$ cat entry-v9.txt   # compact mmCIF, C-alpha atoms
# COMPACT_ATOMS: atom_id res chain seq x y z
CA MET O 1 24.90 -11.36 -18.69
CA ASN O 2 23.97 -10.83 -15.05
CA ILE O 3 20.18 -10.43 -15.28
CA ASP O 4 19.83 -9.35 -11.64
CA LYS O 5 22.15 -6.44 -12.32
CA LYS O 6 20.58 -5.62 -15.68
CA ILE O 7 17.08 -5.45 -14.13
CA THR O 8 18.31 -3.25 -11.30
CA ASP O 9 20.27 -1.00 -13.67
CA ASP O 10 17.14 -0.50 -15.77
CA LEU O 11 15.07 0.36 -12.67
CA VAL O 12 17.64 2.96 -11.63
CA ALA O 13 17.96 4.35 -15.17
CA ASN O 14 14.17 4.83 -15.25
CA ASN O 15 14.22 6.63 -11.91
CA VAL O 16 12.39 3.85 -10.06
CA SER O 17 13.44 4.64 -6.51
CA PHE O 18 10.85 2.85 -4.31
CA VAL O 19 10.66 -0.93 -4.58
CA THR O 20 8.66 -3.29 -2.42
CA THR O 21 9.22 -7.03 -2.47
CA VAL O 22 7.70 -10.28 -1.31
CA PRO O 23 10.37 -12.90 -1.83
CA CYS O 24 10.56 -15.90 -4.12
CA LYS O 25 13.52 -18.24 -4.55
CA GLN O 26 13.87 -17.16 -8.18
CA LEU O 27 13.91 -13.50 -7.20
CA ALA O 28 16.49 -13.75 -4.42
CA GLY O 29 19.35 -12.42 -6.56
CA VAL O 30 17.50 -9.39 -7.89
CA ILE O 31 16.16 -8.58 -4.41
CA ASP O 32 19.73 -8.65 -3.05
CA GLU O 33 20.88 -6.39 -5.88
CA ILE O 34 18.05 -3.90 -5.25
CA ASP O 35 18.71 -3.92 -1.53
CA ALA O 36 22.35 -3.02 -2.16
CA ARG O 37 21.61 0.00 -4.39
CA LYS O 38 21.59 3.34 -2.67
CA GLU O 39 19.42 4.86 -5.43
CA ILE O 40 16.52 2.56 -4.45
CA PHE O 41 14.56 2.54 -1.18
CA HIS O 42 13.75 -1.14 -0.62
CA ILE O 43 10.82 -1.90 1.66
CA PRO O 44 9.85 -5.55 2.09
CA SER O 45 6.10 -6.11 2.55
CA ASN O 46 4.31 -8.88 4.36
CA LYS O 47 1.68 -9.34 1.68
CA GLU O 48 1.46 -8.13 -1.89
CA ASP O 49 -1.70 -6.02 -1.50
CA GLU O 50 0.01 -4.19 1.35
CA GLY O 51 2.96 -3.65 -1.01
CA MET O 52 0.69 -2.15 -3.65
CA GLY O 53 -0.67 0.26 -1.03
CA LEU O 54 2.89 1.34 -0.21
CA CYS O 55 3.58 1.82 -3.94
CA ALA O 56 0.40 3.89 -4.40
CA GLY O 57 1.46 6.18 -1.56
CA ALA O 58 5.01 6.49 -2.86
CA PHE O 59 3.72 7.37 -6.32
CA MET O 60 1.52 10.13 -4.91
CA GLY O 61 4.57 11.33 -2.99
CA GLY O 62 6.46 11.81 -6.23
CA LYS O 63 8.46 8.57 -6.44
CA ARG O 64 8.36 5.96 -9.17
CA PRO O 65 7.50 2.63 -7.51
CA ALA O 66 7.75 -1.03 -8.48
CA ILE O 67 6.70 -4.30 -6.89
CA ILE O 68 8.50 -7.62 -7.07
CA MET O 69 6.45 -10.71 -6.22
CA GLN O 70 5.44 -14.22 -7.18
CA ASN O 71 2.55 -15.04 -9.53
CA THR O 72 0.60 -16.55 -6.62
CA ALA O 73 0.17 -12.90 -5.59
CA ILE O 74 -2.15 -12.28 -8.53
CA GLY O 75 -4.67 -14.25 -6.51
CA VAL O 76 -4.07 -11.94 -3.55
CA THR O 77 -4.13 -8.59 -5.32
CA ILE O 78 -7.02 -8.61 -7.83
CA ASN O 79 -9.14 -6.26 -5.69
CA THR O 80 -6.23 -3.90 -5.01
CA LEU O 81 -5.32 -3.78 -8.69
CA ALA O 82 -8.93 -3.02 -9.68
CA THR O 83 -9.98 -0.58 -6.93
CA LEU O 84 -6.70 1.22 -6.20
CA ILE O 85 -4.06 0.97 -8.92
CA GLN O 86 -6.40 0.91 -11.93
CA TYR O 87 -9.28 2.96 -10.48
CA TYR O 88 -7.00 5.88 -9.55
CA ARG O 89 -4.85 5.34 -12.69
CA MET O 90 -1.44 4.71 -11.18
CA PRO O 91 1.62 3.21 -12.88
CA LEU O 92 2.99 0.02 -11.33
CA PRO O 93 5.61 -2.23 -12.89
CA MET O 94 5.14 -5.72 -11.44
CA LEU O 95 8.19 -7.95 -11.83
CA ILE O 96 6.67 -11.38 -11.23
CA SER O 97 8.31 -14.71 -10.65
CA TYR O 98 6.27 -17.04 -12.89
CA ARG O 99 6.27 -20.21 -10.82
CA GLY O 100 4.66 -23.39 -12.12
CA GLU O 101 6.06 -23.13 -15.64
CA LEU O 102 8.60 -25.38 -17.46
CA ARG O 103 11.38 -26.69 -15.12
CA GLU O 104 9.16 -26.17 -12.05
CA PRO O 105 9.78 -28.83 -9.37
CA VAL O 106 6.83 -28.01 -7.07
CA ALA O 107 3.52 -29.37 -8.41
CA CYS O 108 1.28 -27.02 -6.44
CA GLN O 109 2.86 -24.00 -8.17
CA VAL O 110 1.27 -25.18 -11.45
CA GLU O 111 -2.18 -24.66 -9.96
CA MET O 112 -1.79 -20.85 -9.96
CA ALA O 113 0.40 -20.83 -13.09
CA VAL O 114 -2.51 -22.11 -15.20
CA HIS O 115 -4.63 -19.14 -14.06
CA THR O 116 -1.97 -16.42 -14.15
CA LYS O 117 -2.21 -15.20 -17.74
CA ALA O 118 -6.00 -15.59 -17.82
CA LEU O 119 -6.40 -13.44 -14.72
CA LEU O 120 -4.03 -10.77 -16.06
CA ALA O 121 -5.88 -10.80 -19.39
CA GLU O 122 -9.24 -10.50 -17.62
CA MET O 123 -7.87 -7.50 -15.72
CA LYS O 124 -6.68 -5.96 -19.02
CA ILE O 125 -3.18 -5.71 -17.59
CA PRO O 126 -0.44 -5.45 -20.25
CA THR O 127 1.62 -8.61 -19.77
CA TYR O 128 5.09 -9.61 -20.95
CA HIS O 129 6.63 -13.08 -20.52
CA PHE O 130 10.40 -13.42 -20.18
CA HIS O 131 11.35 -17.00 -21.12
CA HIS O 132 14.89 -16.59 -22.49
CA GLN O 133 17.58 -14.49 -20.82
CA SER O 134 17.76 -12.22 -23.87
CA ASP O 135 14.11 -11.21 -23.22
CA VAL O 136 15.41 -8.96 -20.44
CA GLU O 137 16.51 -6.53 -23.16
CA GLU O 138 12.88 -5.36 -23.32
CA PHE O 139 12.70 -4.48 -19.62
CA ASP O 140 13.82 -0.88 -20.12
CA ALA O 141 11.14 -0.30 -22.78
CA ILE O 142 8.48 -1.94 -20.58
CA LEU O 143 9.30 0.42 -17.72
CA LYS O 144 9.03 3.44 -20.04
CA TYR O 145 5.72 2.09 -21.34
CA THR O 146 4.36 1.62 -17.78
CA PHE O 147 5.08 5.19 -16.71
CA MET O 148 3.83 6.51 -20.05
CA CYS O 149 0.39 4.89 -19.73
CA ASN O 150 -0.14 4.98 -15.91
CA LYS O 151 -1.19 1.33 -15.68
CA PRO O 152 -0.08 -1.73 -13.79
CA VAL O 153 2.06 -3.82 -16.13
CA ALA O 154 3.09 -7.44 -15.51
CA ILE O 155 6.46 -8.92 -16.41
CA LEU O 156 6.28 -12.69 -15.91
CA THR O 157 9.71 -14.25 -15.50
CA ASP O 158 9.81 -18.06 -15.62
CA ALA O 159 12.33 -20.66 -14.42
CA ASN O 160 13.94 -20.95 -17.83
CA PHE O 161 14.63 -17.20 -17.79
CA TRP O 162 16.27 -17.41 -14.37
CA GLY O 163 18.29 -20.53 -15.32
CA GLY O 164 16.29 -23.27 -13.60
CA TYR O 165 16.38 -24.45 -10.02
CA GLY O 166 19.80 -26.08 -9.86
CA ASP O 167 19.68 -29.36 -7.96
CA GLN O 168 15.99 -29.33 -7.08
CA MET Q 1 -18.34 9.94 20.91
CA ILE Q 2 -18.85 8.28 17.56
CA ARG Q 3 -16.41 8.54 14.64
CA SER Q 4 -18.17 11.42 12.87
CA GLU Q 5 -18.06 13.50 16.10
CA ILE Q 6 -14.35 12.77 16.45
CA LEU Q 7 -13.68 13.77 12.83
CA LYS Q 8 -15.59 17.02 13.40
CA GLU Q 9 -13.46 17.77 16.45
CA ILE Q 10 -10.10 17.06 14.80
CA ALA Q 11 -10.94 18.64 11.43
CA PRO Q 12 -9.18 21.95 12.32
CA ILE Q 13 -6.10 20.01 13.46
CA ILE Q 14 -5.75 17.86 10.33
CA ARG Q 15 -6.93 20.30 7.65
CA ASP Q 16 -3.40 21.52 6.81
CA GLN Q 17 -1.85 18.03 6.90
CA LEU Q 18 -1.83 15.31 4.25
CA VAL Q 19 -4.58 12.87 5.19
CA VAL Q 20 -5.18 9.40 3.76
CA CYS Q 21 -8.69 8.43 4.80
CA ASN Q 22 -10.13 4.95 5.12
CA ILE Q 23 -12.75 3.49 2.77
CA GLY Q 24 -16.46 3.89 3.36
CA LEU Q 25 -18.08 6.05 5.99
CA PRO Q 26 -14.84 7.61 7.36
CA SER Q 27 -14.05 9.11 3.94
CA GLN Q 28 -17.65 10.14 3.38
CA GLU Q 29 -17.77 11.83 6.78
CA LEU Q 30 -14.46 13.66 6.33
CA HIS Q 31 -15.53 14.72 2.83
CA MET Q 32 -18.75 16.19 4.24
CA ILE Q 33 -17.19 17.78 7.33
CA ASP Q 34 -14.16 19.43 5.74
CA ASP Q 35 -13.28 18.54 2.15
CA GLN Q 36 -9.68 19.54 1.41
CA PRO Q 37 -7.31 18.95 -1.51
CA THR Q 38 -4.95 17.51 1.11
CA ASN Q 39 -7.40 14.66 1.73
CA PHE Q 40 -7.01 11.40 -0.18
CA TYR Q 41 -10.31 9.53 -0.05
CA MET Q 42 -10.21 5.78 -0.45
CA LEU Q 43 -13.21 4.62 -2.45
CA GLY Q 44 -12.30 0.93 -2.23
CA THR Q 45 -9.53 -1.43 -1.11
CA MET Q 46 -10.29 -2.03 2.56
CA GLY Q 47 -7.23 -2.20 4.78
CA LEU Q 48 -4.68 -0.18 2.83
CA SER Q 49 -5.02 3.31 4.34
CA SER Q 50 -2.04 2.73 6.63
CA SER Q 51 0.08 1.33 3.80
CA ILE Q 52 -0.73 4.16 1.38
CA GLY Q 53 0.04 6.69 4.11
CA LEU Q 54 3.35 5.05 4.99
CA GLY Q 55 4.44 4.93 1.35
CA LEU Q 56 3.54 8.60 1.01
CA ALA Q 57 5.40 9.56 4.19
CA LEU Q 58 8.52 7.69 3.09
CA ALA Q 59 8.45 9.36 -0.32
CA GLN Q 60 8.33 12.99 0.78
CA ASP Q 61 8.79 15.22 3.85
CA LYS Q 62 5.33 16.60 4.72
CA THR Q 63 3.41 15.14 7.66
CA VAL Q 64 1.01 12.36 6.68
CA ILE Q 65 -1.90 11.16 8.82
CA SER Q 66 -3.55 7.86 7.90
CA ILE Q 67 -7.04 7.65 9.35
CA ASP Q 68 -7.84 3.99 9.72
CA GLY Q 69 -10.32 1.82 11.57
CA ASP Q 70 -9.89 -1.17 13.84
CA GLY Q 71 -11.59 -3.45 11.33
CA SER Q 72 -9.38 -2.21 8.50
CA VAL Q 73 -6.18 -2.63 10.50
CA LEU Q 74 -7.26 -6.18 11.36
CA THR Q 75 -7.71 -6.78 7.61
CA ASN Q 76 -4.10 -5.72 6.96
CA LEU Q 77 -2.41 -6.60 10.23
CA GLY Q 78 0.91 -7.09 8.43
CA THR Q 79 1.07 -3.31 8.08
CA LEU Q 80 2.14 -2.84 11.72
CA PRO Q 81 5.51 -4.66 11.46
CA THR Q 82 6.19 -2.81 8.21
CA ILE Q 83 5.45 0.52 9.89
CA ALA Q 84 7.58 -0.38 12.93
CA ASN Q 85 10.58 -1.39 10.85
CA ASN Q 86 10.47 1.51 8.38
CA VAL Q 87 10.33 4.54 10.64
CA ALA Q 88 9.04 7.70 9.00
CA ASP Q 89 8.93 10.51 11.56
CA ASN Q 90 6.45 12.43 9.40
CA TYR Q 91 3.91 9.60 9.72
CA ILE Q 92 0.97 9.25 12.11
CA LEU Q 93 -1.39 6.29 12.04
CA LEU Q 94 -4.68 7.22 13.69
CA ILE Q 95 -6.81 4.16 14.34
CA ILE Q 96 -10.40 5.10 15.20
CA ASP Q 97 -11.21 2.02 17.26
CA ASN Q 98 -14.95 1.70 17.73
CA GLY Q 99 -14.82 -2.07 18.02
CA SER Q 100 -17.00 -2.57 14.99
CA TYR Q 101 -17.18 -2.70 11.21
CA GLY Q 102 -19.09 0.57 10.98
CA SER Q 103 -19.58 0.84 7.23
CA THR Q 104 -21.17 -2.58 6.97
CA GLY Q 105 -23.65 -2.36 9.84
CA ASP Q 106 -21.62 -2.27 13.05
CA GLN Q 107 -20.75 -5.96 13.24
CA PRO Q 108 -18.30 -6.39 16.15
CA THR Q 109 -14.57 -6.72 15.44
CA TYR Q 110 -12.10 -8.69 17.54
CA ALA Q 111 -10.59 -5.33 18.59
CA GLY Q 112 -13.84 -4.73 20.43
CA LYS Q 113 -13.41 -8.07 22.19
CA LYS Q 114 -10.15 -9.58 23.47
CA THR Q 115 -7.66 -8.10 20.98
CA SER Q 116 -5.85 -4.87 21.85
CA LEU Q 117 -4.48 -3.09 18.78
CA THR Q 118 -2.38 -0.95 21.13
CA ALA Q 119 -0.65 -4.07 22.44
CA VAL Q 120 -0.36 -5.51 18.93
CA ALA Q 121 1.27 -2.32 17.62
CA LYS Q 122 3.74 -2.33 20.53
CA ALA Q 123 4.51 -6.02 20.03
CA CYS Q 124 5.17 -5.33 16.34
CA GLY Q 125 7.88 -2.87 17.35
CA CYS Q 126 6.11 0.47 16.98
CA GLU Q 127 7.84 2.82 19.43
CA ASN Q 128 5.31 5.60 20.07
CA VAL Q 129 1.93 4.01 20.59
CA ILE Q 130 -0.72 6.00 22.44
CA GLU Q 131 -4.15 4.73 23.41
CA VAL Q 132 -6.55 7.56 24.04
CA GLN Q 133 -10.24 8.00 24.79
CA ASP Q 134 -12.25 9.85 22.13
CA LYS Q 135 -12.73 13.11 24.08
CA ASP Q 136 -8.98 13.42 24.69
CA LEU Q 137 -7.83 12.86 21.10
CA GLY Q 138 -7.37 16.47 19.96
CA PRO Q 139 -4.35 17.41 22.13
CA VAL Q 140 -2.78 13.97 21.66
CA LEU Q 141 -3.03 14.25 17.87
CA GLN Q 142 -1.67 17.80 17.89
CA GLY Q 143 1.15 16.63 20.14
CA ALA Q 144 2.00 13.80 17.75
CA ILE Q 145 2.12 16.24 14.81
CA ASP Q 146 4.35 18.62 16.78
CA SER Q 147 6.63 15.84 18.06
CA LYS Q 148 7.82 14.90 14.54
CA LYS Q 149 8.09 11.31 15.72
CA MET Q 150 6.28 8.46 14.05
CA THR Q 151 3.23 7.79 16.21
CA VAL Q 152 0.44 5.25 16.30
CA ILE Q 153 -2.69 6.52 18.04
CA VAL Q 154 -5.48 4.13 18.98
CA CYS Q 155 -8.57 6.21 19.73
CA LYS Q 156 -11.22 4.25 21.61
CA CYS Q 157 -14.76 5.42 20.89
CA ASP Q 158 -18.36 4.34 20.49
CA SER Q 159 -19.70 2.64 17.41
CA GLY Q 160 -22.39 4.39 15.42
CA ASN Q 161 -22.95 6.07 12.10
CA ILE Q 162 -24.69 9.05 10.61
CA LYS Q 163 -26.58 9.02 7.32
CA LEU Q 164 -24.67 10.70 4.51
CA PRO Q 165 -24.18 10.39 0.76
CA VAL Q 166 -21.40 8.52 -1.04
CA ILE Q 167 -18.51 10.44 -2.57
CA THR Q 168 -19.20 10.99 -6.26
CA MET Q 169 -15.89 12.68 -7.08
CA ASP Q 170 -13.98 10.76 -9.76
CA PRO Q 171 -11.02 8.79 -8.34
CA VAL Q 172 -8.58 10.29 -10.83
CA VAL Q 173 -9.73 13.77 -9.79
CA ILE Q 174 -9.21 12.88 -6.11
CA ARG Q 175 -5.76 11.55 -6.88
CA ASP Q 176 -4.73 14.43 -9.15
CA ARG Q 177 -5.96 17.07 -6.70
CA PHE Q 178 -4.17 15.30 -3.85
CA MET Q 179 -0.88 14.97 -5.76
CA LYS Q 180 -0.94 18.70 -6.54
CA ALA Q 181 -1.45 19.41 -2.82
CA VAL Q 182 1.41 17.05 -1.94
CA SER Q 183 3.83 18.81 -4.29
CA ALA Q 184 2.59 22.35 -3.54
$ encode --input "entry-v9.txt" --output "structure tokens"
Amino acid sequence: MNIDKKITDDLVANNVSFVTTVPCKQLAGVIDEIDARKEIFHIPSNKEDEGMGLCAGAFMGGKRPAIIMQNTAIGVTINTLATLIQYYRMPLPMLISYRGELREPVACQVEMAVHTKALLAEMKIPTYHFHHQSDVEEFDAILKYTFMCNKPVAILTDANFWGGYGDQ
Amino acid sequence: MIRSEILKEIAPIIRDQLVVCNIGLPSQELHMIDDQPTNFYMLGTMGLSSSIGLGLALAQDKTVISIDGDGSVLTNLGTLPTIANNVADNYILLIIDNGSYGSTGDQPTYAGKKTSLTAVAKACGCENVIEVQDKDLGPVLQGAIDSKKMTVIVCKCDSGNIKLPVITMDPVVIRDRFMKAVSA
């Protein structure tokens, strides 16, 4: 299964047409796939809170948005999640590269990984963790759930899900 | 002129446009001067007025004006390259540049010192950047709306605030009312 294509197909099938991204090595394939799809307007952002602002505007303009980012961004976006996305009750699927988990080669990434789920739980953000490739089967249902309940929803995707880091 | 005087002067120009208004006193002033369903008031999240406005402009065809401040743009300086590289000709970023953080007690910003947001916006690749003095803003803003070209306006003015109450409208009501105006 090509998970980059499956994720993008599910976004398109759920009418998600505005996607902002801050890159991560693990996410490179899915970002390329999104960028190539004419059904999706892809707008890279310089920082994840900026990206959430873009998504909030796109949602109010009638588009279904999504953000793709690394889990380090949870540290950047707590205020935006609380005072914009949650306060105004907006839906926002967050496809998150879960760095610092099993098969991680960069020690510093573990420092935010140990806080990631605790911060999401504290924020009462529904959180799903994709560890095996087959977990991607739930992505379609998670998108439907997000736009049903008008909340930010986190999908953490770890190195094992993406197939590791190759030679690193 | 101070920001509230500027907002009073441009209220008739912006009242039929979609407006995303910056957190704090700017939103409170606009709410008091001319509350409209076409106004989206930010109650928190300093710095994101320009980003919300750009996302909105890219998602639909109506003209969108983001009212921002120099301090808020400095908080989210990455917004200017994103605006420059994703041209939406229905988008106007109006930066009320009073050289201070007005809502928190008029502490000076770097835009009031050596940093020119006009030069920064141009260096980021924004094509139509106009710096204007407060008293001349009206015709420039109307011209930007009529031009149907993405425009960044930096309006230089005095710092200073008026006393006024906070916005007590529920955020979901603000958002719902605004979305109905967007799709009307």
$ residues_around --input "entry-v9.txt" --residues "Tyr91 in chain Q" --least-positions-apart "3" --cutoff "8 Å" --atoms "all atoms listed in the file" --output "list in words"
Gly53, Leu54, Ala57, Thr63, Val64, Ile65, Ser66, Ala88, Lys149, Met150 and Thr151 of chain Q
$ atom_distance --input "entry-v9.txt" --atom1 "CA of Lys25 in chain O" --atom2 "CA of Asn76 in chain Q"
24.5 Å
$ residues_near_point --input "entry-v9.txt" --point "(-16.7, 8.4, 13.4)" --cutoff "9 Å" --atoms "only C-alpha atoms" --output "list in words"
Met1, Ile2, Arg3, Ser4, Glu5, Ile6, Leu7, Lys8, Leu25, Pro26, Glu29, Ile96, Asn98, Gly102, Cys157, Asp158, Ser159, Gly160, Asn161 and Ile162 of chain Q
$ interface_residues --input "entry-v9.txt" --of "chain Q" --to "chain O" --cutoff "10 Å" --atoms "all atoms listed in the file" --output "VMD selection string"
chain Q and resid 20 40 42 to 62 76 to 83 85 to 86 170 to 176 178 to 183
$ residues_around --input "entry-v9.txt" --residues "Ile10 in chain Q" --least-positions-apart "4" --cutoff "8 Å" --atoms "only C-alpha atoms" --output "ChimeraX atom specification"
/Q:6,14,137-138
$ atom_distance --input "entry-v9.txt" --atom1 "CA of His31 in chain Q" --atom2 "CA of Leu117 in chain Q"
26.3 Å
$ residues_around --input "entry-v9.txt" --residues "Glu137 in chain O" --least-positions-apart "4" --cutoff "12 Å" --atoms "only C-alpha atoms" --output "count of residues only"
14
$ atom_distance --input "entry-v9.txt" --atom1 "CA of Gly29 in chain O" --atom2 "CA of Leu119 in chain O"
27.0 Å
$ residues_around --input "entry-v9.txt" --residues "Leu141 in chain Q" --least-positions-apart "4" --cutoff "8 Å" --atoms "only C-alpha atoms" --output "number ranges by chain"
Q: 13, 137, 145, 153
$ write_last_selection --input "entry-v9.txt" --atoms "C-alpha atoms" --output "PDB file, keeping the file's coordinate frame"
ATOM      1  CA  ILE Q  13      -6.100  20.010  13.460  1.00  0.00           C
ATOM      2  CA  LEU Q 137      -7.830  12.860  21.100  1.00  0.00           C
ATOM      3  CA  ILE Q 145       2.120  16.240  14.810  1.00  0.00           C
ATOM      4  CA  ILE Q 153      -2.690   6.520  18.040  1.00  0.00           C
TER       5      ILE Q 153
END
$ closest_residue --input "entry-v9.txt" --among "Q:Cys21, Q:Glu9, Q:Val73, Q:Lys114" --to "Asp136 in chain Q" --atoms "all atoms listed in the file"
Q:Glu9
$ residues_near_point --input "entry-v9.txt" --point "(-7.9, 22.3, 8.5)" --cutoff "10 Å" --atoms "all atoms listed in the file" --output "ChimeraX atom specification"
/Q:10-17,34-36,38
$ residues_around --input "entry-v9.txt" --residues "Ala121 in chain Q" --least-positions-apart "3" --cutoff "9 Å" --atoms "all atoms listed in the file" --output "list of chain:residue names"
Q:Leu80, Q:Pro81, Q:Ala84, Q:Ser116, Q:Leu117, Q:Thr118, Q:Cys124, Q:Gly125, Q:Cys126, Q:Glu127, Q:Val129, Q:Val152
$ closest_residue --input "entry-v9.txt" --among "Q:Pro37, Q:Val166, Q:Thr115, Q:Ile67" --to "Asn22 in chain Q" --atoms "only C-alpha atoms"
Q:Ile67
$ decode --input "entry-v9.txt" --residues "range 26-101 of chain O" --atoms "C-alpha atoms" --output "PDB file, in the first residue's frame"
ATOM      1  CA  GLN O  26       8.775  11.632   7.323  1.00  0.00           C
ATOM      2  CA  LEU O  27       6.084  13.725   5.657  1.00  0.00           C
ATOM      3  CA  ALA O  28       7.977  14.506   2.450  1.00  0.00           C
ATOM      4  CA  GLY O  29       6.139  11.883   0.386  1.00  0.00           C
ATOM      5  CA  VAL O  30       2.645  12.891   1.450  1.00  0.00           C
ATOM      6  CA  ILE O  31       3.467  16.592   0.967  1.00  0.00           C
ATOM      7  CA  ASP O  32       4.628  15.828  -2.597  1.00  0.00           C
ATOM      8  CA  GLU O  33       1.442  13.874  -3.245  1.00  0.00           C
ATOM      9  CA  ILE O  34      -0.754  16.705  -1.916  1.00  0.00           C
ATOM     10  CA  ASP O  35       1.152  19.275  -3.923  1.00  0.00           C
ATOM     11  CA  ALA O  36       0.515  17.282  -7.106  1.00  0.00           C
ATOM     12  CA  ARG O  37      -3.273  17.015  -6.629  1.00  0.00           C
ATOM     13  CA  LYS O  38      -5.331  19.608  -8.421  1.00  0.00           C
ATOM     14  CA  GLU O  39      -8.252  19.100  -6.007  1.00  0.00           C
ATOM     15  CA  ILE O  40      -6.148  20.478  -3.126  1.00  0.00           C
ATOM     16  CA  PHE O  41      -4.779  24.012  -2.714  1.00  0.00           C
ATOM     17  CA  HIS O  42      -1.425  23.504  -0.990  1.00  0.00           C
ATOM     18  CA  ILE O  43      -0.016  26.482   0.895  1.00  0.00           C
ATOM     19  CA  PRO O  44       3.231  25.956   2.797  1.00  0.00           C
ATOM     20  CA  SER O  45       3.471  27.998   6.019  1.00  0.00           C
ATOM     21  CA  ASN O  46       6.531  29.298   7.788  1.00  0.00           C
ATOM     22  CA  LYS O  47       5.303  28.355  11.241  1.00  0.00           C
ATOM     23  CA  GLU O  48       2.493  26.118  12.406  1.00  0.00           C
ATOM     24  CA  ASP O  49       0.468  28.786  14.235  1.00  0.00           C
ATOM     25  CA  GLU O  50       0.476  30.828  11.038  1.00  0.00           C
ATOM     26  CA  GLY O  51      -0.769  27.697   9.250  1.00  0.00           C
ATOM     27  CA  MET O  52      -3.634  27.331  11.712  1.00  0.00           C
ATOM     28  CA  GLY O  53      -4.612  30.948  11.028  1.00  0.00           C
ATOM     29  CA  LEU O  54      -4.714  30.196   7.302  1.00  0.00           C
ATOM     30  CA  CYS O  55      -6.847  27.112   8.000  1.00  0.00           C
ATOM     31  CA  ALA O  56      -9.253  29.111  10.193  1.00  0.00           C
ATOM     32  CA  GLY O  57      -9.728  31.635   7.396  1.00  0.00           C
ATOM     33  CA  ALA O  58     -10.195  28.950   4.757  1.00  0.00           C
ATOM     34  CA  PHE O  59     -12.791  27.215   6.914  1.00  0.00           C
ATOM     35  CA  MET O  60     -14.767  30.441   7.304  1.00  0.00           C
ATOM     36  CA  GLY O  61     -14.498  30.853   3.536  1.00  0.00           C
ATOM     37  CA  GLY O  62     -16.253  27.545   3.021  1.00  0.00           C
ATOM     38  CA  LYS O  63     -13.299  25.186   2.494  1.00  0.00           C
ATOM     39  CA  ARG O  64     -12.393  22.139   4.539  1.00  0.00           C
ATOM     40  CA  PRO O  65      -8.810  22.645   5.762  1.00  0.00           C
ATOM     41  CA  ALA O  66      -6.083  20.414   7.171  1.00  0.00           C
ATOM     42  CA  ILE O  67      -2.605  20.983   8.570  1.00  0.00           C
ATOM     43  CA  ILE O  68       0.398  18.712   8.224  1.00  0.00           C
ATOM     44  CA  MET O  69       3.232  19.272  10.702  1.00  0.00           C
ATOM     45  CA  GLN O  70       5.680  17.737  13.137  1.00  0.00           C
ATOM     46  CA  ASN O  71       4.889  17.044  16.808  1.00  0.00           C
ATOM     47  CA  THR O  72       7.368  19.748  17.854  1.00  0.00           C
ATOM     48  CA  ALA O  73       4.660  22.117  16.576  1.00  0.00           C
ATOM     49  CA  ILE O  74       2.410  21.211  19.497  1.00  0.00           C
ATOM     50  CA  GLY O  75       4.785  23.336  21.540  1.00  0.00           C
ATOM     51  CA  VAL O  76       4.295  26.197  19.088  1.00  0.00           C
ATOM     52  CA  THR O  77       0.531  26.073  18.688  1.00  0.00           C
ATOM     53  CA  ILE O  78      -1.035  25.557  22.139  1.00  0.00           C
ATOM     54  CA  ASN O  79      -2.279  29.164  22.319  1.00  0.00           C
ATOM     55  CA  THR O  80      -3.639  29.099  18.762  1.00  0.00           C
ATOM     56  CA  LEU O  81      -5.414  25.807  19.378  1.00  0.00           C
ATOM     57  CA  ALA O  82      -7.002  27.133  22.585  1.00  0.00           C
ATOM     58  CA  THR O  83      -7.902  30.703  21.586  1.00  0.00           C
ATOM     59  CA  LEU O  84      -8.705  30.289  17.882  1.00  0.00           C
ATOM     60  CA  ILE O  85      -9.482  26.739  16.765  1.00  0.00           C
ATOM     61  CA  GLN O  86     -11.181  25.545  19.965  1.00  0.00           C
ATOM     62  CA  TYR O  87     -12.602  28.883  21.160  1.00  0.00           C
ATOM     63  CA  TYR O  88     -14.404  29.537  17.853  1.00  0.00           C
ATOM     64  CA  ARG O  89     -15.195  25.802  17.419  1.00  0.00           C
ATOM     65  CA  MET O  90     -13.491  25.032  14.131  1.00  0.00           C
ATOM     66  CA  PRO O  91     -12.641  21.618  12.685  1.00  0.00           C
ATOM     67  CA  LEU O  92      -8.960  20.964  11.991  1.00  0.00           C
ATOM     68  CA  PRO O  93      -7.449  17.600  11.128  1.00  0.00           C
ATOM     69  CA  MET O  94      -3.782  17.688  12.159  1.00  0.00           C
ATOM     70  CA  LEU O  95      -1.668  15.027  10.460  1.00  0.00           C
ATOM     71  CA  ILE O  96       1.396  14.994  12.696  1.00  0.00           C
ATOM     72  CA  SER O  97       4.766  13.395  12.205  1.00  0.00           C
ATOM     73  CA  TYR O  98       5.445  11.818  15.618  1.00  0.00           C
ATOM     74  CA  ARG O  99       9.188  12.268  15.887  1.00  0.00           C
ATOM     75  CA  GLY O 100      11.114  10.889  18.856  1.00  0.00           C
ATOM     76  CA  GLU O 101       9.342   7.529  18.943  1.00  0.00           C
TER      77      GLU O 101
END
